[in-house]
>>> print(open('my_file13.cif').read())   # mmCIF, C-alpha atoms
data_work
#
loop_
_atom_site.group_PDB
_atom_site.id
_atom_site.type_symbol
_atom_site.label_atom_id
_atom_site.label_comp_id
_atom_site.auth_asym_id
_atom_site.auth_seq_id
_atom_site.Cartn_x
_atom_site.Cartn_y
_atom_site.Cartn_z
ATOM 1 C CA MET A 1 27.665 0.837 -10.096
ATOM 2 C CA ASN A 2 29.275 -2.305 -11.447
ATOM 3 C CA LEU A 3 28.090 -4.285 -14.424
ATOM 4 C CA VAL A 4 26.213 -7.095 -12.656
ATOM 5 C CA SER A 5 24.065 -4.887 -10.424
ATOM 6 C CA GLY A 6 23.333 -2.519 -13.314
ATOM 7 C CA PHE A 7 22.200 -5.454 -15.427
ATOM 8 C CA LEU A 8 19.987 -6.714 -12.577
ATOM 9 C CA VAL A 9 18.352 -3.301 -12.109
ATOM 10 C CA VAL A 10 17.738 -2.793 -15.839
ATOM 11 C CA SER A 11 16.238 -6.266 -16.287
ATOM 12 C CA GLY A 12 14.046 -5.659 -13.230
ATOM 13 C CA VAL A 13 12.747 -2.444 -14.800
ATOM 14 C CA PHE A 14 12.053 -4.400 -17.995
ATOM 15 C CA PHE A 15 9.967 -6.944 -16.069
ATOM 16 C CA LEU A 16 8.082 -4.203 -14.182
ATOM 17 C CA PHE A 17 7.230 -2.424 -17.436
ATOM 18 C CA MET A 18 6.144 -5.623 -19.189
ATOM 19 C CA GLY A 19 3.929 -6.480 -16.211
ATOM 20 C CA ALA A 20 2.211 -3.110 -16.545
ATOM 21 C CA VAL A 21 1.750 -3.593 -20.307
ATOM 22 C CA GLY A 22 0.282 -7.053 -19.689
ATOM 23 C CA LEU A 23 -2.071 -5.583 -17.099
ATOM 24 C CA VAL A 24 -3.478 -3.311 -19.786
ATOM 25 C CA ARG A 25 -3.405 -5.590 -22.820
ATOM 26 C CA PHE A 26 -4.668 -8.985 -21.626
ATOM 27 C CA PRO A 27 -8.325 -9.748 -22.335
ATOM 28 C CA ASP A 28 -9.796 -11.051 -19.069
ATOM 29 C CA PHE A 29 -9.246 -10.757 -15.349
ATOM 30 C CA TYR A 30 -7.393 -14.020 -14.719
ATOM 31 C CA SER A 31 -4.834 -13.549 -17.484
ATOM 32 C CA ARG A 32 -4.270 -10.017 -16.197
ATOM 33 C CA MET A 33 -3.486 -11.490 -12.791
ATOM 34 C CA HIS A 34 -1.067 -13.854 -14.532
ATOM 35 C CA ALA A 35 0.840 -10.861 -15.879
ATOM 36 C CA ALA A 36 0.586 -8.674 -12.790
ATOM 37 C CA GLY A 37 1.417 -11.236 -10.106
ATOM 38 C CA LYS A 38 4.523 -12.829 -11.552
ATOM 39 C CA CYS A 39 6.119 -9.923 -13.418
ATOM 40 C CA ASP A 40 5.738 -7.591 -10.439
ATOM 41 C CA THR A 41 7.289 -10.034 -7.983
ATOM 42 C CA LEU A 42 10.252 -10.850 -10.212
ATOM 43 C CA GLY A 43 10.829 -7.230 -11.239
ATOM 44 C CA SER A 44 10.877 -5.884 -7.685
ATOM 45 C CA LEU A 45 13.120 -8.745 -6.601
ATOM 46 C CA LEU A 46 15.619 -8.032 -9.396
ATOM 47 C CA VAL A 47 15.711 -4.266 -8.747
ATOM 48 C CA LEU A 48 16.175 -4.654 -4.984
ATOM 49 C CA THR A 49 18.839 -7.355 -5.407
ATOM 50 C CA GLY A 50 20.718 -5.165 -7.878
ATOM 51 C CA LEU A 51 20.631 -2.219 -5.484
ATOM 52 C CA ALA A 52 21.886 -4.456 -2.648
ATOM 53 C CA GLY A 53 24.755 -5.577 -4.880
ATOM 54 C CA HIS A 54 25.540 -1.920 -5.617
ATOM 55 C CA GLU A 55 25.557 -1.138 -1.898
ATOM 56 C CA GLY A 56 27.957 -3.888 -0.834
ATOM 57 C CA LEU A 57 27.820 -5.830 2.409
ATOM 58 C CA GLY A 58 26.311 -3.877 5.307
ATOM 59 C CA LEU A 59 23.138 -2.940 7.155
ATOM 60 C CA THR A 60 21.597 -1.234 4.129
ATOM 61 C CA SER A 61 21.973 -4.245 1.841
ATOM 62 C CA VAL A 62 20.637 -6.543 4.574
ATOM 63 C CA LYS A 63 17.553 -4.310 4.853
ATOM 64 C CA LEU A 64 17.172 -4.322 1.062
ATOM 65 C CA MET A 65 17.305 -8.111 0.999
ATOM 66 C CA THR A 66 14.750 -8.209 3.836
ATOM 67 C CA ILE A 67 12.361 -6.135 1.710
ATOM 68 C CA ALA A 68 13.045 -8.483 -1.218
ATOM 69 C CA VAL A 69 12.242 -11.591 0.855
ATOM 70 C CA PHE A 70 9.119 -9.872 2.215
ATOM 71 C CA ILE A 71 7.888 -9.066 -1.311
ATOM 72 C CA PHE A 72 8.764 -12.616 -2.405
ATOM 73 C CA PHE A 73 6.321 -13.988 0.159
ATOM 74 C CA THR A 74 3.591 -11.348 0.284
ATOM 75 C CA SER A 75 3.034 -10.471 -3.383
ATOM 76 C CA PRO A 76 1.894 -14.000 -4.410
ATOM 77 C CA THR A 77 -0.246 -14.136 -1.256
ATOM 78 C CA ALA A 78 -2.001 -10.884 -2.190
ATOM 79 C CA THR A 79 -2.458 -12.132 -5.764
ATOM 80 C CA HIS A 80 -3.988 -15.363 -4.483
ATOM 81 C CA ALA A 81 -6.396 -13.492 -2.203
ATOM 82 C CA ILE A 82 -7.565 -11.239 -5.046
ATOM 83 C CA VAL A 83 -8.087 -14.150 -7.460
ATOM 84 C CA ARG A 84 -9.964 -16.069 -4.756
ATOM 85 C CA ALA A 85 -12.307 -13.110 -4.238
ATOM 86 C CA ALA A 86 -12.918 -12.879 -7.994
ATOM 87 C CA HIS A 87 -13.448 -16.612 -8.459
ATOM 88 C CA LYS A 88 -15.910 -16.924 -5.569
ATOM 89 C CA ASN A 89 -17.955 -14.114 -7.114
ATOM 90 C CA ARG A 90 -17.861 -15.754 -10.578
ATOM 91 C CA VAL A 91 -16.062 -13.075 -12.552
ATOM 92 C CA PRO A 92 -16.416 -14.417 -16.111
ATOM 93 C CA PHE A 93 -13.631 -16.145 -18.039
ATOM 94 C CA TRP A 94 -12.566 -15.048 -21.506
ATOM 95 C CA ASN A 95 -13.963 -17.009 -24.433
ATOM 96 C CA GLN A 96 -12.255 -17.106 -27.774
ATOM 97 C CA GLY A 97 -13.806 -14.503 -30.039
ATOM 98 C CA ASP A 98 -14.735 -12.053 -27.303
ATOM 99 C CA ARG A 99 -13.328 -8.598 -27.904
ATOM 100 C CA THR A 100 -12.624 -6.557 -24.817
ATOM 101 C CA MET B 1 26.951 9.274 -13.592
ATOM 102 C CA THR B 2 25.370 6.960 -11.031
ATOM 103 C CA ASP B 3 22.823 9.656 -10.168
ATOM 104 C CA THR B 4 21.762 9.881 -13.797
ATOM 105 C CA PHE B 5 21.327 6.102 -13.913
ATOM 106 C CA PHE B 6 19.089 6.098 -10.841
ATOM 107 C CA LEU B 7 17.094 9.038 -12.215
ATOM 108 C CA ASN B 8 16.514 7.275 -15.534
ATOM 109 C CA VAL B 9 15.489 4.038 -13.798
ATOM 110 C CA SER B 10 13.014 5.963 -11.609
ATOM 111 C CA ILE B 11 11.507 7.680 -14.644
ATOM 112 C CA ALA B 12 11.130 4.315 -16.414
ATOM 113 C CA ILE B 13 9.327 2.808 -13.404
ATOM 114 C CA LEU B 14 7.079 5.876 -13.173
ATOM 115 C CA LEU B 15 6.154 5.400 -16.846
ATOM 116 C CA ALA B 16 5.156 1.831 -15.966
ATOM 117 C CA VAL B 17 3.038 3.280 -13.131
ATOM 118 C CA LEU B 18 1.294 5.507 -15.684
ATOM 119 C CA VAL B 19 0.566 2.453 -17.857
ATOM 120 C CA ALA B 20 -0.850 0.572 -14.866
ATOM 121 C CA LEU B 21 -2.942 3.602 -13.887
ATOM 122 C CA TYR B 22 -5.043 2.967 -17.015
ATOM 123 C CA ARG B 23 -6.334 -0.252 -15.430
ATOM 124 C CA VAL B 24 -7.208 1.577 -12.216
ATOM 125 C CA LEU B 25 -9.141 4.294 -14.048
ATOM 126 C CA VAL B 26 -11.117 2.228 -16.582
ATOM 127 C CA GLY B 27 -11.071 -1.270 -15.047
ATOM 128 C CA PRO B 28 -14.403 -2.969 -15.820
ATOM 129 C CA ASN B 29 -15.135 -3.915 -12.214
ATOM 130 C CA ILE B 30 -13.867 -3.116 -8.737
ATOM 131 C CA ILE B 31 -11.509 -6.062 -8.481
ATOM 132 C CA ASP B 32 -9.556 -4.952 -11.555
ATOM 133 C CA ARG B 33 -8.973 -1.651 -9.831
ATOM 134 C CA ILE B 34 -7.681 -3.447 -6.718
ATOM 135 C CA VAL B 35 -5.174 -5.306 -8.892
ATOM 136 C CA GLY B 36 -4.020 -2.035 -10.415
ATOM 137 C CA VAL B 37 -3.541 -0.447 -6.993
ATOM 138 C CA ASN B 38 -1.552 -3.488 -5.820
ATOM 139 C CA VAL B 39 0.722 -3.311 -8.876
ATOM 140 C CA ILE B 40 1.278 0.430 -8.454
ATOM 141 C CA GLY B 41 2.107 -0.095 -4.759
ATOM 142 C CA THR B 42 4.726 -2.719 -5.592
ATOM 143 C CA LYS B 43 6.332 -0.362 -8.107
ATOM 144 C CA THR B 44 6.248 2.473 -5.568
ATOM 145 C CA ILE B 45 8.414 0.464 -3.148
ATOM 146 C CA THR B 46 11.269 0.365 -5.657
ATOM 147 C CA VAL B 47 10.753 4.040 -6.529
ATOM 148 C CA ILE B 48 11.055 4.988 -2.828
ATOM 149 C CA VAL B 49 14.364 3.123 -2.517
ATOM 150 C CA LEU B 50 15.669 4.781 -5.710
ATOM 151 C CA THR B 51 14.614 8.181 -4.347
ATOM 152 C CA GLY B 52 16.755 7.441 -1.313
ATOM 153 C CA TYR B 53 19.722 6.940 -3.626
ATOM 154 C CA LEU B 54 18.972 10.265 -5.372
ATOM 155 C CA PHE B 55 18.915 12.143 -2.044
ATOM 156 C CA GLU B 56 21.846 10.053 -0.643
ATOM 157 C CA ARG B 57 19.805 9.095 2.412
ATOM 158 C CA VAL B 58 19.197 5.424 1.623
ATOM 159 C CA GLU B 59 19.170 4.208 5.224
ATOM 160 C CA PHE B 60 16.102 6.312 6.040
ATOM 161 C CA PHE B 61 14.182 5.721 2.844
ATOM 162 C CA ILE B 62 14.559 1.942 3.161
ATOM 163 C CA ASP B 63 12.550 1.962 6.386
ATOM 164 C CA ILE B 64 9.819 3.965 4.632
ATOM 165 C CA ALA B 65 9.858 1.448 1.772
ATOM 166 C CA PHE B 66 9.489 -1.468 4.211
ATOM 167 C CA LEU B 67 6.551 0.262 5.896
ATOM 168 C CA TYR B 68 4.986 0.891 2.490
ATOM 169 C CA ALA B 69 5.344 -2.790 1.617
ATOM 170 C CA LEU B 70 3.553 -3.748 4.842
ATOM 171 C CA ILE B 71 0.703 -1.268 4.249
ATOM 172 C CA ASN B 72 0.355 -2.373 0.625
ATOM 173 C CA PHE B 73 0.070 -6.044 1.614
ATOM 174 C CA VAL B 74 -2.380 -5.526 4.463
ATOM 175 C CA GLY B 75 -4.492 -3.102 2.416
ATOM 176 C CA THR B 76 -4.757 -5.474 -0.519
ATOM 177 C CA LEU B 77 -5.691 -8.382 1.748
ATOM 178 C CA ALA B 78 -8.336 -6.304 3.526
ATOM 179 C CA LEU B 79 -9.873 -5.059 0.262
ATOM 180 C CA SER B 80 -9.980 -8.522 -1.300
ATOM 181 C CA LYS B 81 -11.519 -10.101 1.813
ATOM 182 C CA TYR B 82 -14.113 -7.327 1.969
ATOM 183 C CA PHE B 83 -15.171 -7.714 -1.648
ATOM 184 C CA GLU B 84 -15.116 -11.505 -1.330
ATOM 185 C CA GLN B 85 -17.869 -11.143 1.279
ATOM 186 C CA LYS B 86 -19.746 -8.251 -0.325
ATOM 187 C CA GLY B 87 -19.784 -9.496 -3.902
ATOM 188 C CA VAL B 88 -18.337 -8.098 -7.109
ATOM 189 C CA GLU B 89 -20.574 -6.459 -9.695
ATOM 190 C CA HIS B 90 -19.735 -7.549 -13.217
ATOM 191 C CA PRO B 91 -21.662 -8.121 -16.468
ATOM 192 C CA GLY B 92 -23.761 -11.221 -15.905
ATOM 193 C CA SER B 93 -23.783 -11.108 -12.118
ATOM 194 C CA THR B 94 -27.083 -11.524 -10.302
ATOM 195 C CA PRO B 95 -27.916 -8.273 -8.504
#
>>> encode(input="my_file13.cif", output="structure tokens")
Amino acid sequence: MNLVSGFLVVSGVFFLFMGAVGLVRFPDFYSRMHAAGKCDTLGSLLVLTGLAGHEGLGLTSVKLMTIAVFIFFTSPTATHAIVRAAHKNRVPFWNQGDRT
Amino acid sequence: MTDTFFLNVSIAILLAVLVALYRVLVGPNIIDRIVGVNVIGTKTITVIVLTGYLFERVEFFIDIAFLYALINFVGTLALSKYFEQKGVEHPGSTP
């Protein structure tokens, strides 16, 4: 485990944890999607890239990078589909002063 | 030493899963729960790969992680399309 891949994995875990905290703490649905969609994508990407750097060049790291590219495309797509479903059904926005 | 690092990283991600599980359990409407399940699935992919490092069988566990990513994506898309058609119950929605 060299320094660069360890740093990538630890920062990825930081982003994953902050995404989960944002999913709990934000007041309405759309801001929760803001936290969940971006932090999850970036965190998974950083962890998988760090593990591929730990592995070195080979079939395993190529598979890890394939999973990373797959998550890079599919996680925003899933987020967009969920927000579209919520917006078409008029899930309410947060107004200033509302306590949730 | 490396094993301890992977174990600690897995435990940290599982703590994040516990935090996200709150949104699945108490989410005000169904679509919040779908978001929570999607987030937990994305975290589970990294946990599966780290478990492969703990058991020193990474090349098998990576295939399982890829399959889990596929199922997570297709499941989330199917659930969101279904509730887009069916309607989401929330405070202020017309029954």
>>> interface_residues(input="my_file13.cif", of="chain A", to="chain B", cutoff="6 Å", atoms="all atoms listed in the file", output="VMD selection string")
chain A and resid 17 20 78 82 85 89
>>> atom_distance(input="my_file13.cif", atom1="atom CA of A:Leu51", atom2="atom CA of A:Ile67")
11.6 Å
>>> closest_residue(input="my_file13.cif", among="A:Ala68, A:Val91, A:Leu59, A:Val24", to="A:Leu46", atoms="all atoms listed in the file")
A:Ala68
>>> residues_around(input="my_file13.cif", residues="A:Leu45", least_positions_apart="4", cutoff="12 Å", atoms="all atoms listed in the file", output="PyMOL selection string")
(chain A and resi 8-13+15-16+38-41+49-52+64-73+75) or (chain B and resi 42-43+45-46)
>>> write_last_selection(input="my_file13.cif", atoms="C-alpha atoms", output="CSV table (one decimal), in the coordinates of the input")
chain,number,residue,atom,x,y,z
A,8,LEU,CA,20.0,-6.7,-12.6
A,9,VAL,CA,18.4,-3.3,-12.1
A,10,VAL,CA,17.7,-2.8,-15.8
A,11,SER,CA,16.2,-6.3,-16.3
A,12,GLY,CA,14.0,-5.7,-13.2
A,13,VAL,CA,12.7,-2.4,-14.8
A,15,PHE,CA,10.0,-6.9,-16.1
A,16,LEU,CA,8.1,-4.2,-14.2
A,38,LYS,CA,4.5,-12.8,-11.6
A,39,CYS,CA,6.1,-9.9,-13.4
A,40,ASP,CA,5.7,-7.6,-10.4
A,41,THR,CA,7.3,-10.0,-8.0
A,49,THR,CA,18.8,-7.4,-5.4
A,50,GLY,CA,20.7,-5.2,-7.9
A,51,LEU,CA,20.6,-2.2,-5.5
A,52,ALA,CA,21.9,-4.5,-2.6
A,64,LEU,CA,17.2,-4.3,1.1
A,65,MET,CA,17.3,-8.1,1.0
A,66,THR,CA,14.8,-8.2,3.8
A,67,ILE,CA,12.4,-6.1,1.7
A,68,ALA,CA,13.0,-8.5,-1.2
A,69,VAL,CA,12.2,-11.6,0.9
A,70,PHE,CA,9.1,-9.9,2.2
A,71,ILE,CA,7.9,-9.1,-1.3
A,72,PHE,CA,8.8,-12.6,-2.4
A,73,PHE,CA,6.3,-14.0,0.2
A,75,SER,CA,3.0,-10.5,-3.4
B,42,THR,CA,4.7,-2.7,-5.6
B,43,LYS,CA,6.3,-0.4,-8.1
B,45,ILE,CA,8.4,0.5,-3.1
B,46,THR,CA,11.3,0.4,-5.7
>>> atom_distance(input="my_file13.cif", atom1="atom CA of A:Gly22", atom2="atom CA of A:Gly37")
10.5 Å
>>> atom_distance(input="my_file13.cif", atom1="atom CA of A:Trp94", atom2="atom CA of A:Ala35")
15.1 Å
>>> closest_residue(input="my_file13.cif", among="A:Phe29, A:Ser44, A:Ala36, A:Thr74", to="A:Ala86", atoms="all atoms listed in the file")
A:Phe29
>>> closest_residue(input="my_file13.cif", among="A:Leu48, A:Leu57, A:Ala81, A:Val21", to="B:Ile48", atoms="all atoms listed in the file")
A:Leu48
>>> resolve_selection(input="my_file13.cif", expression="the PyMOL selection byres ((chain A and resi 5) around 6)", output="PyMOL selection string")
chain A and resi 2-4+6-8+50+53-54
>>> decode(input="my_file13.cif", residues="stretch 21-64 of chain A", atoms="C-alpha atoms", output="compact mmCIF listing (two decimals), in the first residue's frame")
# COMPACT_ATOMS: atom_id res chain seq x y z
CA VAL A 21 -24.46 12.49 6.43
CA GLY A 22 -25.88 14.83 3.78
CA LEU A 23 -28.55 12.27 2.96
CA VAL A 24 -29.72 12.44 6.56
CA ARG A 25 -29.24 16.13 7.33
CA PHE A 26 -30.52 18.03 4.29
CA PRO A 27 -34.05 19.42 4.55
CA ASP A 28 -35.84 18.42 1.34
CA PHE A 29 -35.72 15.72 -1.30
CA TYR A 30 -33.85 17.59 -4.03
CA SER A 31 -31.01 18.79 -1.81
CA ARG A 32 -30.70 15.23 -0.49
CA MET A 33 -30.26 14.05 -4.07
CA HIS A 34 -27.59 16.73 -4.47
CA ALA A 35 -25.64 15.17 -1.62
CA ALA A 36 -26.30 11.54 -2.48
CA GLY A 37 -25.70 11.64 -6.24
CA LYS A 38 -22.40 13.48 -6.40
CA CYS A 39 -20.70 12.35 -3.19
CA ASP A 40 -21.48 8.69 -3.87
CA THR A 41 -20.14 8.78 -7.42
CA LEU A 42 -16.92 10.56 -6.47
CA GLY A 43 -16.35 8.45 -3.36
CA SER A 44 -16.74 5.12 -5.15
CA LEU A 45 -14.54 6.35 -7.99
CA LEU A 46 -11.77 7.39 -5.58
CA VAL A 47 -11.87 4.12 -3.60
CA LEU A 48 -11.82 1.92 -6.71
CA THR A 49 -9.04 3.97 -8.34
CA GLY A 50 -6.96 3.75 -5.16
CA LEU A 51 -7.41 -0.02 -5.02
CA ALA A 52 -6.41 -0.30 -8.70
CA GLY A 53 -3.28 1.72 -7.94
CA HIS A 54 -2.53 -0.63 -5.04
CA GLU A 55 -2.95 -3.64 -7.32
CA GLY A 56 -0.60 -2.50 -10.08
CA LEU A 57 -1.04 -3.13 -13.78
CA GLY A 58 -2.93 -6.34 -14.58
CA LEU A 59 -6.31 -7.94 -15.15
CA THR A 60 -7.56 -7.11 -11.65
CA SER A 61 -6.83 -3.39 -11.94
CA VAL A 62 -8.40 -3.31 -15.41
CA LYS A 63 -11.56 -4.87 -13.96
CA LEU A 64 -11.51 -2.36 -11.09
